[in-house]
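Undergrad: Below you will find the structure I want to go over with you.
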Amino acid sequence: MTNVKDDTAQYLISTVSKRSGVKSDLVRAWERRYQAVVPSRTAGGHRVYTDLDIARLKLLNQATNQGHSISQIARLSLEELRKLLQKDESGPAAAAAPVSGTSLSGERKFLADDYIEKCYTAVVDFDARALESHFEHAIVELGSQAFIENLLEPLLTMIGERWRTGELRPVHEHMASSIIRSLTYILRNNAPCPANAPRMVVSTPLGQHHELGALLAAILAELKDWQVTYLGPNLPAEEIAAAVKFTQARAVTLSISFSTEEPVVQKELRRLRKLIGNEVALIVGGRAAGYYEAVLDEIGVAKIQNYQYFRHYLDQLAAKDGNNSEISK
């Protein structure tokens with residue numbers, strides 16, 4: 001369709017994204033795969049949407065945030081979506097809770113496992129286009145949190161293990177990581193951060209150049225309503241501490257992906273703890289974090305085994321801050 005079919009279709013996708021709270025790329029994905037909305041086109045080929053489209057996207061966004069699969073609700077009418085949300089609000093709290101890393105339904109767990117198999121096959125075949133397509137579809141169907149915890153975490157673990165045994169080459173891992181990094185803007189939280197949200201700085205220590213674990217941790221923290229300042233990889237302790245001071249961060253999260261016999265990481269961790277003090281939570285995860293367990297215990301670090309535990313720890317920190325605020329009033 002090349003012409004505007006409806007005089008009320010007047011909004012470009014950038015405006016629709018701002019008003020609905022759904023990122024432009026996610027709007028396109030829902031549109032392309034599920035026909036959640038069907039925009040008109042201007043003579044120049046630009047998508048244009050109506051007020052009803054915006055209202056529909058708002059409701060779909062609310063429903064997916066409450067754990068509903070977009071594939072199941074994309075074709076519901078506005079009235080059906082409103083009734084679905086009303087039912088969630090009046091039903092048991094567990095029914096409305098977002099899907100967590102360990103509470104996927106049988107159908108959604110099967111879906112995640114199926115995507116892991118398809119994505120791994122694409123990695124083995126070195127088919128970047130297929131891998132990106134699988135990732136995009138999985139994000140839409142699973143949601144950001146479940147995508148990271150139930151697909152990416154086991155997939156990356158599998159890739160790392162097969163790389164160490166020689167079944168995959170380092171270039172396979174680099175290809176997958178590059179595609180994941182390119183999709184992070186879709187994974188990030190659509191909702192504005194609360195004004196009183198706790199603040200966090202995320203990075204990797206000096207000499208740690210692989211940032212994917214840190215990047216995914218930053219996204220999960222955002223999804224838990226933390227205000228996150230992501231600094232990228234390979235920063236000295238002094239710079240991370242400066243960011244903590246500038247942002248008044250409550251926590252620092254670091255990812256350590258590779259171990260080395262050189263004592264750089266140990267020195268940097270001790271230096272960072274000294275600079276930020278004990279009032280700022282220091283959180284460390286990553287597949288090589290266990291190699292530095294002695295120094296982590298020495299300086300009082302929260303050791304994160306997986307992303308689910310990371311989310312749980314963030315809830316504890318936020319609750320502790322809330323209790324302290326009540327006491328100080």
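Just so we're on the same page: first chain in the structure tokens is A, next is B, and so on; residues restart at 1 for each chain, and ligands are numbered from 1 in the order they show up.
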Which residues of segment 27-139 of chain A come within 7 Å of segment 159-180 of chain A, and for each one, what is the closest pair of atoms and their distance in Å to one decimal, counting only C-alpha atoms, sorted by chain and residue number, as JSON lines?

TA:
{"residue": "A:Val123", "atom": "CA", "partner": "A:His172", "partner_atom": "CA", "distance": 6.2}
{"residue": "A:Phe126", "atom": "CA", "partner": "A:His172", "partner_atom": "CA", "distance": 6.7}
{"residue": "A:Glu132", "atom": "CA", "partner": "A:Ile179", "partner_atom": "CA", "distance": 6.3}

Undergrad: Please produce a file of the residues just selected, as a compact mmCIF listing (two decimals), in the first residue's frame, where the atoms kept are C-alpha atoms.

TA:
# COMPACT_ATOMS: atom_id res chain seq x y z
CA VAL A 123 26.20 -20.01 15.21
CA PHE A 126 28.14 -19.03 10.88
CA GLU A 132 19.89 -12.06 14.17

Undergrad: Give me the residues within 10 Å of Ala318 of chain A as a PyMOL selection string, counting only C-alpha atoms and dropping any in the same chain fewer than 5 places off.

TA: chain A and resi 197-199+224-226+250+313+323-324

Undergrad: Those same residues, written as a PDB file, in the first residue's frame with N, CA and C atoms?

TA:
ATOM      1  N   ALA A 197      14.843   6.507  41.673  1.00  0.00           N
ATOM      2  CA  ALA A 197      15.427   5.181  41.453  1.00  0.00           C
ATOM      3  C   ALA A 197      16.856   5.121  41.987  1.00  0.00           C
ATOM      4  N   PRO A 198      17.254   3.980  42.570  1.00  0.00           N
ATOM      5  CA  PRO A 198      18.652   3.826  42.985  1.00  0.00           C
ATOM      6  C   PRO A 198      19.556   3.832  41.762  1.00  0.00           C
ATOM      7  N   ARG A 199      20.786   4.298  41.951  1.00  0.00           N
ATOM      8  CA  ARG A 199      21.697   4.481  40.824  1.00  0.00           C
ATOM      9  C   ARG A 199      22.832   3.467  40.854  1.00  0.00           C
ATOM     10  N   LYS A 224      14.777  -3.557  36.273  1.00  0.00           N
ATOM     11  CA  LYS A 224      14.402  -3.541  37.690  1.00  0.00           C
ATOM     12  C   LYS A 224      14.273  -2.117  38.224  1.00  0.00           C
ATOM     13  N   ASP A 225      14.208  -1.142  37.302  1.00  0.00           N
ATOM     14  CA  ASP A 225      13.992   0.270  37.645  1.00  0.00           C
ATOM     15  C   ASP A 225      15.167   0.910  38.376  1.00  0.00           C
ATOM     16  N   TRP A 226      16.382   0.459  38.066  1.00  0.00           N
ATOM     17  CA  TRP A 226      17.577   1.154  38.520  1.00  0.00           C
ATOM     18  C   TRP A 226      17.987   2.164  37.454  1.00  0.00           C
ATOM     19  N   ARG A 250      24.595   4.001  44.085  1.00  0.00           N
ATOM     20  CA  ARG A 250      24.427   3.124  45.240  1.00  0.00           C
ATOM     21  C   ARG A 250      25.214   1.830  45.069  1.00  0.00           C
ATOM     22  N   TYR A 313      19.330  -9.909  44.141  1.00  0.00           N
ATOM     23  CA  TYR A 313      20.203  -9.071  44.971  1.00  0.00           C
ATOM     24  C   TYR A 313      19.838  -7.594  44.815  1.00  0.00           C
ATOM     25  N   ASN A 323      14.081   0.946  53.404  1.00  0.00           N
ATOM     26  CA  ASN A 323      13.953   0.875  54.865  1.00  0.00           C
ATOM     27  C   ASN A 323      14.780   1.941  55.543  1.00  0.00           C
ATOM     28  N   ASN A 324      15.989   2.186  55.029  1.00  0.00           N
ATOM     29  CA  ASN A 324      16.841   3.220  55.600  1.00  0.00           C
ATOM     30  C   ASN A 324      16.226   4.608  55.434  1.00  0.00           C
TER      31      ASN A 324
END

Undergrad: Which residue out of A:Asp321, A:Leu111, A:Arg287, A:Ala36 has the minimum interatomic distance to Leu76 of chain A when only C-alpha atoms are used?

TA: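 For Leu76 of chain A, the nearest of the given residues is A:Ala36.
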
Undergrad: Using DSSP secondary structure from the backbone, list all strand (DSSP E or B) positions within segment 15-211 of chain A, as JSON, numbers by chain.

TA: {"A": [40, 41, 47, 48, 49, 199, 200, 201, 202, 203, 205]}

Undergrad: Excluding Pro236 of chain A and its own-chain neighbours fewer than 2 positions away, which residues fall within 8 Å of it when counting only C-alpha atoms? Please give them as a VMD selection string.

TA: chain A and resid 205 to 206 234 238 to 240 268

Undergrad: Given the selection you just returned, output its residues as a file containing N, CA and C atoms, formatted as a CSV table (one decimal), in the first residue's frame.

TA:
chain,number,residue,atom,x,y,z
A,205,PRO,N,36.7,-4.3,34.8
A,205,PRO,CA,37.9,-3.7,35.3
A,205,PRO,C,39.0,-3.6,34.2
A,206,LEU,N,40.0,-2.9,34.5
A,206,LEU,CA,41.2,-2.7,33.6
A,206,LEU,C,41.7,-4.0,33.1
A,234,ASN,N,36.9,-2.1,30.3
A,234,ASN,CA,38.4,-1.8,30.4
A,234,ASN,C,38.7,-0.4,31.0
A,238,GLU,N,40.2,4.2,39.2
A,238,GLU,CA,40.0,5.6,39.5
A,238,GLU,C,38.8,6.2,38.7
A,239,GLU,N,38.7,5.8,37.4
A,239,GLU,CA,37.6,6.3,36.6
A,239,GLU,C,36.3,5.8,37.0
A,240,ILE,N,36.2,4.5,37.4
A,240,ILE,CA,34.9,3.9,37.8
A,240,ILE,C,34.5,4.7,39.1
A,268,GLU,N,43.2,-3.9,40.9
A,268,GLU,CA,42.1,-2.9,40.5
A,268,GLU,C,40.9,-3.1,41.5

Undergrad: Can you tell me which residues surround Thr184 of chain A at a distance of at most 9 Å, considering only C-alpha atoms, apart from same-chain residues fewer than 3 positions away, and format the answer as a ChimeraX atom specification?

TA: /A:180-181,187-188,215-216,219

Undergrad: Ranking A:Ala241, A:Ala74, A:Ala43, A:Val265 by minimum distance to Gly277 of chain A and counting only C-alpha atoms, which one comes first?

TA: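 Checking each candidate against Gly277 of chain A, we get A:Ala241 as the closest.
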